[in-house]
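**Student:** I'd like to ask you about the structure that follows.
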Amino acid sequence: MVLVINQVITGLMLGIMYALIASGFSLLFGVLNVVQFAHADVCFLGAFVSMAVMTFLSKIEFFPTWLVIFFTIIFAVIITGIIGTIIEKICVKPFRKSPGLIILLSTVAVGFIIREGIKIFYPSGASPKFFPLSFPQWAFSMGGVTIRFSNIMIIIIAGIIYFLLSLFINKTKIGLQIRATSQNVEAAQVLGIDLDKIFMITFFLASTIGAVAGILNGMYYNIVKFDMGLMGGIIGFSAAVMGGLGNIYGAIIGGLILGIVESFTMAFVPGGSPYKEIFAFIVVVLFLLFKPSGILGKKVIEKV
Amino acid sequence: MDNPDTRSNYSQRLYKKIGYFLIIIVTEVIIFYMFINFLSLKGIDYKLFLFVLPIIAFFVLQRYQKIINFVKESHSQCNSFSIIFMILLLIFIPFLFKDNPYLLHICIMCGLYLITALGLNIQLGSTGMVNFAFAAFFGVGAYTSALLAVNFHFSFWLGILAAIIISALFGLLIGSLTLKSTGFYYALVTMAFQIIFHLLVNNLRFTGGSGGISNIPFPTIGKYSFSSSLNIFGINLPYQANYYYLVLAIALFSLYLAKRLYNSRTGLVWNAIREDEIAAKCQGISVNKGKLEASAIGAIFGGMAGAIYAHYISFISPESFTFHFSVVLICIVILGGLDNILGVAIGAVLLTVIPEKIRFFAEARMLFYGIIIIAVLIFKPQGLVPERIRKYNFLNFKKDSI
Amino acid sequence: MSAYRKRLDLWKGDGKLHQMEILKIEKVGINFGGLVALKGINFFVKEGEIVGLIGPNGSGKTTFFNLITGIYQPTSGNMFFNGEKITGLSPCEINERGIARTFQNTRLFWSLSTLDNVLLGMHRWESYSWFVSMFGRNYTEKKLRENIEESITLLNYFSKELVDKMYQKVKDLSQADKKRVEICRALASRPKLLLLDEPSAGMNPEETTELMDDIRKIKIKKPDLNIILIEHDMRVIKGSTQRVIVFNHGIKIFDGTFEKASNNKEVIEAYLGGEI
Amino acid sequence: MKSIFKNKIYLVLVFSLILAFVLCQTNLVWADAKKVVKIGFIDPLTGPTAAIGIGAKNSAELAVQQANASGEFTYEIQLVAEDDASDPATGVAAALKLCSDSDVVAVISHFNSPVALATVHTFHRFGVAQIMPSSIHPDVTRGNDYKEVSRICADNIAEHNFGVDLVVDKLGYKKWSSIYDTSSYGDNCNNNFKKILEERGGVLLSEDGISVGTKDFRPILNKIKELKPEAIYFGGLTTEAALCKRQMHELGMDDIVFFGVTGLDSETFNEIAGPTAEGTIIVGKLALGEDSDFVKAYKAAGFSEPYEATGPYAYDAIGIILEALKKVGPDRKAIVDYIADPDFEYHGVIGLTKLDEDGQSVTGGLTLKVSRNGKWVPWSE
């Protein structure tokens with residue numbers, strides 16, 4: 001039993017990482033009706049950006065450490081958001097009118113460019129990078145169940161992010177416009193909503209959430225590598241699909257399910273740990289076969 | 001055609017025909033010569049002129065449509081001659097490269113990529129299914145024939161047959177699991193399959209794990225082994241020449257089959273599915289059948305190429321069948337031109353040769369592919385050779401029938 | 001094949017009744033989620049008829065077509081075509097039984113040529129297999145040649161110009177030509193029942209007149225073809241249909257001749273503000 | 001037809017073609033001042049293990065630079081570095097490319113065993129001497145009877161024998177759990193370790209394969225914790241091992257000994273694992289002191305990347321070839337014969353290199369190391 005609870009905790013952490021990535025996918029899909037396959041790469045780019053910023057700030061030796069960490073996170077998140085909007089400008093906007101296939105391919109290609117770009121241009125980017133930030137190592141245990149400070153912090157941070165996100169979407173004017181656009185693009189356009197602006201803001205928003213996900217990932221696992229975005233993207237997208245593409249709460253549920261499936265596979269299936277992704281994907285394929293609209297997604301009636 | 005009996009007409013046609021032949025010979029020799037020199041290029045040297053000049057000439061000629069049209073006309077009028085002449089030139093390649101097996105190796109890889117890309121083109125180009133699992137199809141073929149050859153001592157020829165069957169079944173499996181998923185969902189499922197395939201062959205015992213399968217036997221015909229050097233007219237060709245001719249034959253046959261499929265109802269149905277599934281259904285087209293066919297036939301091409309690859313390299317490991325390879329194949333099809341067989345051929349040759357030539361820049365190979373995809377999508381979404389309208393003039397139907 | 005045989009049997013067995021009613025709809029309804037789109041539609045088409053289907057926007061006309069062609073499945077009721085139950089069949093199977101349609105916002109195979117579009121329409125008569133396509137060159141080409149000749153004949157029904165444009169991408173055709181090609185494609189499957197969904201949408205008055213001529217021409221060439229026509233242009237309805245059905249809010253409110261319809265109080269109310 | 005010939009542009013085309021032809025046929029040789037002898041080098045310069053490949057390449061380059069500077073050779077020696085991207089097919093292509101170049105007299109190659117397994121046939125076919133400084137799979141040298149192929153580092157079996165001597169026989173840890181990555185390297189490690197451990201009377205409580213790139217070991221470690229082993233064996237590479245060790249600390253498993261072989265031998269391990277690395281025991285490649293000639297020279301040469309564990313081996317591999325060049329001259333066959341000679345011996349950075357009849361080094365320079373204060377320190381009793 002203790003083992004199960006411990007596994008649930010580790011699965012939950014993994015699940016939150018997936019959920020954060022999946023939320024970006026869902027947000028982008030909801031508003032733009034496109035899948036940004038490079039989204040997970042943007043997330044891990046966030047981690048790399050924060051590493052670069054941190055190196056830069058520590059070199060200046062002007063700020064105290066806690067301020068360096070604070071600035072690092074703020075800058076990294078903003079820079080990643082800007083990179084997200086640049087991607088939108090170059091690789092999504094020109095193809096908005098083309099068939100979905102084109103955007104799909106172009107974003108996959110962007111993913112490649114980001115990944116390989118980090119590998120080539122980041123100093124010795126090919127090897128795994130030790131992430132300089134990490135949570136304090138406090139922990140308390142109750143009858144074998146260990147709960148660490150990092151676990152609690154991750155849950156709190158994820159909660160704050162989702163709270164802020166829902167506040168932004170539900171309470172602000174831009175949030176209202178985003179919701180309108182996700183309901184019906186044409187109608188939104190008729191109502192005088194500046195689509196370009198909305199798309200840009202959405203990309204910025206999704207990328208910033210992604211950056212936080214990337215940084216949390218780095219802090220929790222202590223390592224980032226240029227090609228983590230590949231698997232992260234596929235699993236993140238799977239989680240979004242499972243939850244119902246376009247629904248952020250669905251993305252959370254999907255992410256948590258996949259995280260727990262993976263950690264349980266590693267622990268309880270004999271010799272199963274190399275196959276953990278396979279189990280996750282089997283869950284996804286089953287979902288696509290029997291409930292293509294996902295857990296919380298609405299069934300789309302195709303207009304003929 | 002209308003008035004064939006006058007003598008002057010006859011001689012005029014003869015001259016015209018000779019003109020066509022000359023043009024065909026000249027253009028094909030130029031292309032061939034460029035290709036050969038590009039292959040043997042070492043770094044940046046004077047031979048680059050050879051590319052710059054004809055390419056400039058080509059762009060200048062663009063302004064003189066008459067010449068272009070005449071060249072096009074001669075190729076379409078004397079279609080079979082132009083194909084036969086090209087084949088003759090291709091047969092000649094091993095003699096040119098007999099001291100340099102590496103270049104021959106590149107040519108073989110061109111052929112294999114071409115066959116594989118033709119298979120992908122059926123799915124991506126004709127049917128509009130963005131398949132990210134094509135490396136897995138390739139891998140299934142390679143693993144099937146390799147495992148049969150190593151464990152059960154199947155001959156290469158039986159192995160390739162088995163590879164075709166198994167990869168077709170694999171294609172059907174993936175096809176039937178993805179029937180309901182379109183667009184992004186299809187892409188996702190195929191990505192998942194690609195990764196599942198890689199994880200499976202990487203971890204299962206019988207596939208040799210990540211160590212792969214080594215010492216895959218060479219194909220033999222009777223007592224003649226493909227690993228011995230080929231002797232034609234007293235000229236000793238390196239052992240790669242055997243594979244070269246094998247791959248050439250199969251690639252040509254694949255091109256022929258792809259062309260037949262394209263020009264038949266099967267190809268039309270695939271296009272209909274790509275354009276509009278609902279309209280296709282309402283015309284009585286079975287979308288599911290079409291998709292399954294595309295999956296299976298595409299997989300056959302991939303599996304066939306994979307089987308040859310396994311026996312040629314004589315070693316396979318999961319590393320050769322990753323997501324990256326799938327993206328390279330997609331890049332080939334997009335660069336060449338979706339649903340255009342000539343385009344795919346050009347794309348395959350270019351994207352095999354160029355990365356070999358920029359090996360010193362090898363670290364950026366995947367970056368290069370990514371940039372190519374984006375650049376092509378932005379600047380030339382149709383690819384190098386755009387998709388063409390099917391013309392059925394060769395069928396000689398009556399146009400005025402009412 | 002068995003379906004075809006069954007159909008023949010039906011014809012033999014009790015031909016008279018079914019000869020009268022080629023399409024019969026019984027209490028068909030559909031709702032999307034909570035929204036009732038169509039409710040309790042009863043309806044029939046007799047052999048050789050052209051029926052107009054009118055009604056204000058959102059009254060469920062196109063949904064009705066989607067039901068007949070199997071794109072949506074009805075939540076209640078039954079549909080019979082040629083005496084055979086077609087409820088629950090897939091669009092593809094329904095087309096095989098002889099129903100073809102056009103779409104409100106033209107749905108052609110955009111990047112294919114006119115000829116290819118019509119060739120694809122012919123699909124239900126052509127048995128094809130990938131194996132024959134690959135290896136049976138002579139057979140494929142013979143079949144293709146026959147099909148092309150038939151397509152040209154079809155295109156010629158409309159105009160000679162369409163034949164000249166047969167190697168053009170349909171994307172590049174004029175709006176009227178697109179509609180024509182779509183009708184051609186539907187006709188190519190040699191249907192018993194043709195469903196035309198606003199064929200005059202996006203056409204100017206002259207083109208609309210031409211369209212009416214075209215429909216008449218088709219009717220002359222193929223006398224046993226039945227047509228259901230959704231239209232907003234009352235001239236077309238008046239000029240080419242024998243009977244009019246009126247939908248409003250997903251309910252059938254009228255069934256009769258056009259003259260009667262134009263005097264019916266309920267119909268006028270439904271169209272309040274619109275000319276009739 | 002006629003109008004075509006009237007066009008000036010046609011003349012331009014013909015002219016350009018003729019020019020191209022002429023240019024191509026004329027032998028425009030920009031003569032080389034000095035004869036060049038090339039030594040091939042193939043390693044992963046890209047991909048997951050690029051760091052190691054680059055370290056080895058730098059070291060090889062250093063050796064070549066020193067040779068050229070020494071003035072002992074009448075010709076210039078060049079290092080031709082090719083990338084195999086850890087991919088066998090790419091490796092074969094690179095090998096073919098080098099073998100086809102008649103100036104290449106010998107090749108140093110391959111960190112990844114799968115690639116090495118794939119290319120040995122090529123080198124054999126062309127009769128080019130291949131010296132492997134770093135691959136580890138026993139079959140590379142022992143699988144075929146190719147005299148062209150030789151390896152100057154210890155193979156996997158030797159490493160495990162060496163390590164198990166200490167941890168099982170001397171320190172007396174009998175209850176083990178094994179975590180290994182499912183690459184061919186990890187798989188081999190696990191198999192060899194298991195075999196040797198059982199020969200010496202140890203028990204393996206659990207075996208867990210993980211894929212390369214795994215970053216969360218907590219599920220497995222949670223499970224292993226329940227089994228209460230005395231020690232954990234890790235068959236894999238640095239990054240995963242370091243993460244595993246780090247997470248062991250988080251789960252309060254500091255009392256369990258962590259043991260690995262040469263795959264872990266990189267300072268990256270200590271960097272990632274941080275203070276938690278303390279006490280890890282590994283069988284390492286030879287440890288060079290900061291004051292050794294090689295390290296000094298490497299630093300002086302100003303390479304930005306560390307030389308990694310394989311650097312000295314690559315340096316020595318080049319050294320062997322240079323030695324052969326001095327003795328028998330730049331001839332492929334003569335070099336092969338020179339290295340395959342049973343009396344062949346070479347004293348280099350890694351100490352004495354002596355090859356058995358398979359071309360496998362019998363010495364190989366192994367050292368036991370333990371992590372102390374964020375550094376690998378040679379084990380002392």
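Following the order of the structure tokens, chains are lettered A, B, ..., residues in each are numbered from 1, and ligands are numbered from 1.
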Which residues in segment 51-251 of chain C does DSSP call strand (DSSP E)? List them as a PyMOL selection string.
**Tutor:** chain C and resi 51-54+76-81+84-85+99-101+193-197+226-230+243-248+251
**Student:** Quick one: residues within 7 Å of segment 365-374 of chain B, only C-alpha atoms, excluding same-chain residues fewer than 3 positions away - as a count of residues only?
**Tutor:** 13
**Student:** Could you write out as a list in words the residues of chain D within 6 Å of chain B, counting only C-alpha atoms?
**Tutor:**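 That gives the following set of residues: Leu13, Ala20, Thr46, Asp87, Leu96, Lys97, Ser100, Pro114, Ala118, Ser183 and Ser184 of chain D.
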**Student:** How far is it from atom CA of Ala375 of chain B to atom CA of Val333 of chain B, in Å with one decimal?
**Tutor:**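 Rounded to one decimal, the two atoms are 13.9 Å apart.
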**Student:** Which residues are close to segment 160-162 of chain D, i.e. within 7 Å by only C-alpha atoms, leaving aside same-chain residues fewer than 5 positions away? Reply as a ChimeraX atom specification.
**Tutor:** /D:192-193,196
**Student:** Keeping only all heavy atoms, write the selected residues to a file as a CSV table (one decimal), in the first residue's frame.
**Tutor:**
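Just written: out-v5.csv:
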chain,number,residue,atom,x,y,z
D,192,ASN,N,26.6,-9.5,-18.5
D,192,ASN,CA,27.9,-9.9,-18.0
D,192,ASN,C,28.0,-9.8,-16.5
D,192,ASN,O,28.6,-10.7,-15.8
D,192,ASN,CB,29.0,-9.0,-18.6
D,192,ASN,CG,29.2,-9.3,-20.1
D,192,ASN,OD1,28.9,-10.4,-20.5
D,192,ASN,ND2,29.6,-8.3,-20.9
D,193,PHE,N,27.4,-8.7,-15.9
D,193,PHE,CA,27.4,-8.5,-14.5
D,193,PHE,C,26.7,-9.7,-13.8
D,193,PHE,O,27.2,-10.3,-12.8
D,193,PHE,CB,26.8,-7.2,-14.1
D,193,PHE,CG,26.6,-7.0,-12.6
D,193,PHE,CD1,27.8,-6.7,-11.9
D,193,PHE,CD2,25.4,-7.1,-12.0
D,193,PHE,CE1,27.7,-6.6,-10.5
D,193,PHE,CE2,25.3,-7.0,-10.6
D,193,PHE,CZ,26.5,-6.7,-9.9
D,196,ILE,N,28.8,-12.9,-14.0
D,196,ILE,CA,29.9,-12.9,-13.1
D,196,ILE,C,29.5,-12.9,-11.7
D,196,ILE,O,30.1,-13.6,-10.8
D,196,ILE,CB,30.8,-11.7,-13.5
D,196,ILE,CG1,31.4,-11.9,-14.9
D,196,ILE,CG2,32.0,-11.6,-12.5
D,196,ILE,CD1,32.1,-10.7,-15.4
**Student:** Would you pick out the contacts of Phe137 of chain B at 9 Å or less, using only C-alpha atoms, so that residues sharing its chain but fewer than 5 positions from it are not included, and give the list as a ChimeraX atom specification?
**Tutor:** /B:142,167-168,170-171,194,298-303,306,321
**Student:** Residues as selected, N, CA, C and O atoms, written as an mmCIF file, in the first residue's frame, can you do that?
**Tutor:**
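Once everything was written out, this is selection-v7.cif:
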data_model
loop_
_atom_site.group_PDB
_atom_site.id
_atom_site.type_symbol
_atom_site.label_atom_id
_atom_site.label_comp_id
_atom_site.auth_asym_id
_atom_site.auth_seq_id
_atom_site.Cartn_x
_atom_site.Cartn_y
_atom_site.Cartn_z
ATOM 1 N N ALA B 142 12.663 -4.479 -43.009
ATOM 2 C CA ALA B 142 14.061 -4.821 -42.747
ATOM 3 C C ALA B 142 14.149 -5.922 -41.701
ATOM 4 O O ALA B 142 14.867 -6.915 -41.884
ATOM 5 N N SER B 167 4.890 -6.415 -44.009
ATOM 6 C CA SER B 167 4.716 -4.965 -43.906
ATOM 7 C C SER B 167 3.339 -4.555 -44.400
ATOM 8 O O SER B 167 2.758 -3.601 -43.883
ATOM 9 N N ALA B 168 2.806 -5.287 -45.393
ATOM 10 C CA ALA B 168 1.442 -4.977 -45.818
ATOM 11 C C ALA B 168 0.468 -5.223 -44.677
ATOM 12 O O ALA B 168 -0.438 -4.420 -44.432
ATOM 13 N N PHE B 170 1.167 -5.121 -41.511
ATOM 14 C CA PHE B 170 1.416 -4.052 -40.542
ATOM 15 C C PHE B 170 0.708 -2.773 -40.977
ATOM 16 O O PHE B 170 0.089 -2.070 -40.181
ATOM 17 N N GLY B 171 0.811 -2.490 -42.279
ATOM 18 C CA GLY B 171 0.119 -1.325 -42.824
ATOM 19 C C GLY B 171 -1.379 -1.424 -42.597
ATOM 20 O O GLY B 171 -2.028 -0.459 -42.202
ATOM 21 N N GLN B 194 5.159 5.037 -34.392
ATOM 22 C CA GLN B 194 6.580 5.096 -34.714
ATOM 23 C C GLN B 194 7.394 4.867 -33.446
ATOM 24 O O GLN B 194 8.335 4.083 -33.423
ATOM 25 N N GLY B 298 1.406 1.471 -49.537
ATOM 26 C CA GLY B 298 2.544 2.293 -49.122
ATOM 27 C C GLY B 298 3.521 1.467 -48.302
ATOM 28 O O GLY B 298 4.735 1.503 -48.518
ATOM 29 N N ALA B 299 2.953 0.680 -47.376
ATOM 30 C CA ALA B 299 3.810 -0.136 -46.520
ATOM 31 C C ALA B 299 4.589 -1.154 -47.336
ATOM 32 O O ALA B 299 5.739 -1.464 -47.021
ATOM 33 N N ILE B 300 3.980 -1.663 -48.403
ATOM 34 C CA ILE B 300 4.688 -2.641 -49.230
ATOM 35 C C ILE B 300 5.953 -2.023 -49.813
ATOM 36 O O ILE B 300 7.035 -2.606 -49.752
ATOM 37 N N PHE B 301 5.800 -0.826 -50.357
ATOM 38 C CA PHE B 301 6.984 -0.162 -50.920
ATOM 39 C C PHE B 301 8.057 0.003 -49.835
ATOM 40 O O PHE B 301 9.218 -0.296 -50.048
ATOM 41 N N GLY B 302 7.595 0.504 -48.672
ATOM 42 C CA GLY B 302 8.545 0.730 -47.588
ATOM 43 C C GLY B 302 9.216 -0.560 -47.159
ATOM 44 O O GLY B 302 10.431 -0.623 -46.973
ATOM 45 N N GLY B 303 8.401 -1.614 -47.002
ATOM 46 C CA GLY B 303 8.936 -2.884 -46.529
ATOM 47 C C GLY B 303 9.936 -3.476 -47.491
ATOM 48 O O GLY B 303 10.975 -4.023 -47.085
ATOM 49 N N GLY B 306 13.094 -1.678 -47.166
ATOM 50 C CA GLY B 306 13.715 -2.045 -45.903
ATOM 51 C C GLY B 306 14.438 -3.380 -46.002
ATOM 52 O O GLY B 306 15.555 -3.533 -45.495
ATOM 53 N N PHE B 321 15.673 3.319 -37.619
ATOM 54 C CA PHE B 321 14.251 3.441 -37.922
ATOM 55 C C PHE B 321 13.557 4.363 -36.924
ATOM 56 O O PHE B 321 12.572 4.017 -36.313
#
**Student:** Can you pull out the residues contacting Ile86 of chain A? Cut-off 10 Å, using only C-alpha atoms, and skip same-chain residues under 5 positions away; I want them as a ChimeraX atom specification.
**Tutor:** /A:80-81,91-93,200,203-204
**Student:** Residues of chain A within 10 Å of chain B, using only C-alpha atoms, as a PyMOL selection string?
**Tutor:** chain A and resi 34-37+90-91+94-95+98-117+119-120+126+230-231+233-235+237-238+241+245+271+274-282+284-286+288-290+292+302+304
**Student:** Could you turn the residues from that selection into a file that holds C-alpha atoms, as a PDB file, in the first residue's frame?
**Tutor:**
ATOM      1  CA  VAL A  34      -4.362  24.067 -35.127  1.00  0.00           C
ATOM      2  CA  VAL A  35      -2.085  21.711 -33.308  1.00  0.00           C
ATOM      3  CA  GLN A  36       1.252  23.278 -32.613  1.00  0.00           C
ATOM      4  CA  PHE A  37       3.432  20.203 -32.630  1.00  0.00           C
ATOM      5  CA  ILE A  90       6.709  32.771 -39.205  1.00  0.00           C
ATOM      6  CA  CYS A  91       5.285  29.323 -39.254  1.00  0.00           C
ATOM      7  CA  PRO A  94       1.248  32.299 -43.365  1.00  0.00           C
ATOM      8  CA  PHE A  95      -0.563  28.976 -43.465  1.00  0.00           C
ATOM      9  CA  SER A  98      -4.049  26.473 -46.105  1.00  0.00           C
ATOM     10  CA  PRO A  99      -5.169  22.950 -45.258  1.00  0.00           C
ATOM     11  CA  GLY A 100      -4.435  21.757 -41.731  1.00  0.00           C
ATOM     12  CA  LEU A 101      -1.837  19.375 -43.071  1.00  0.00           C
ATOM     13  CA  ILE A 102       0.468  22.257 -43.896  1.00  0.00           C
ATOM     14  CA  ILE A 103       0.445  23.739 -40.399  1.00  0.00           C
ATOM     15  CA  LEU A 104       0.970  20.287 -38.994  1.00  0.00           C
ATOM     16  CA  LEU A 105       4.080  19.802 -41.109  1.00  0.00           C
ATOM     17  CA  SER A 106       5.419  23.282 -40.539  1.00  0.00           C
ATOM     18  CA  THR A 107       5.099  23.024 -36.773  1.00  0.00           C
ATOM     19  CA  VAL A 108       6.747  19.615 -36.761  1.00  0.00           C
ATOM     20  CA  ALA A 109       9.566  21.204 -38.701  1.00  0.00           C
ATOM     21  CA  VAL A 110       9.748  24.079 -36.215  1.00  0.00           C
ATOM     22  CA  GLY A 111      10.107  21.491 -33.490  1.00  0.00           C
ATOM     23  CA  PHE A 112      13.037  20.031 -35.330  1.00  0.00           C
ATOM     24  CA  ILE A 113      14.620  23.409 -35.791  1.00  0.00           C
ATOM     25  CA  ILE A 114      14.293  24.265 -32.100  1.00  0.00           C
ATOM     26  CA  ARG A 115      15.670  20.928 -30.992  1.00  0.00           C
ATOM     27  CA  GLU A 116      18.580  20.928 -33.392  1.00  0.00           C
ATOM     28  CA  GLY A 117      19.125  24.619 -32.838  1.00  0.00           C
ATOM     29  CA  LYS A 119      21.886  21.139 -29.863  1.00  0.00           C
ATOM     30  CA  ILE A 120      24.104  23.145 -32.136  1.00  0.00           C
ATOM     31  CA  ALA A 126      24.137  17.741 -27.383  1.00  0.00           C
ATOM     32  CA  LEU A 230      10.000  15.091 -28.944  1.00  0.00           C
ATOM     33  CA  MET A 231       8.612  12.585 -26.496  1.00  0.00           C
ATOM     34  CA  GLY A 233       5.315  16.724 -27.249  1.00  0.00           C
ATOM     35  CA  ILE A 234       3.821  13.463 -28.310  1.00  0.00           C
ATOM     36  CA  ILE A 235       2.777  12.551 -24.798  1.00  0.00           C
ATOM     37  CA  PHE A 237      -0.508  16.097 -27.171  1.00  0.00           C
ATOM     38  CA  SER A 238      -1.816  12.642 -26.348  1.00  0.00           C
ATOM     39  CA  VAL A 241      -6.450  14.487 -26.964  1.00  0.00           C
ATOM     40  CA  LEU A 245      -8.712  18.630 -27.492  1.00  0.00           C
ATOM     41  CA  GLY A 271      10.238  -5.609 -16.990  1.00  0.00           C
ATOM     42  CA  PRO A 274      11.317   0.373 -21.053  1.00  0.00           C
ATOM     43  CA  TYR A 275       7.780   0.005 -22.355  1.00  0.00           C
ATOM     44  CA  LYS A 276       6.195   2.704 -20.205  1.00  0.00           C
ATOM     45  CA  GLU A 277       5.483   4.950 -23.169  1.00  0.00           C
ATOM     46  CA  ILE A 278       3.932   2.054 -25.024  1.00  0.00           C
ATOM     47  CA  PHE A 279       1.391   1.587 -22.272  1.00  0.00           C
ATOM     48  CA  ALA A 280       0.625   5.281 -22.327  1.00  0.00           C
ATOM     49  CA  PHE A 281       0.164   5.230 -26.079  1.00  0.00           C
ATOM     50  CA  ILE A 282      -2.034   2.165 -25.954  1.00  0.00           C
ATOM     51  CA  VAL A 284      -4.381   6.943 -26.087  1.00  0.00           C
ATOM     52  CA  VAL A 285      -5.031   4.766 -29.131  1.00  0.00           C
ATOM     53  CA  LEU A 286      -7.869   3.053 -27.301  1.00  0.00           C
ATOM     54  CA  LEU A 288      -9.092   7.517 -30.094  1.00  0.00           C
ATOM     55  CA  LEU A 289     -10.790   4.320 -31.193  1.00  0.00           C
ATOM     56  CA  PHE A 290     -13.664   4.322 -28.760  1.00  0.00           C
ATOM     57  CA  PRO A 292     -12.377  10.115 -30.167  1.00  0.00           C
ATOM     58  CA  GLU A 302     -19.336  18.172 -39.031  1.00  0.00           C
ATOM     59  CA  VAL A 304     -21.951  19.764 -44.434  1.00  0.00           C
TER      60      VAL A 304
END
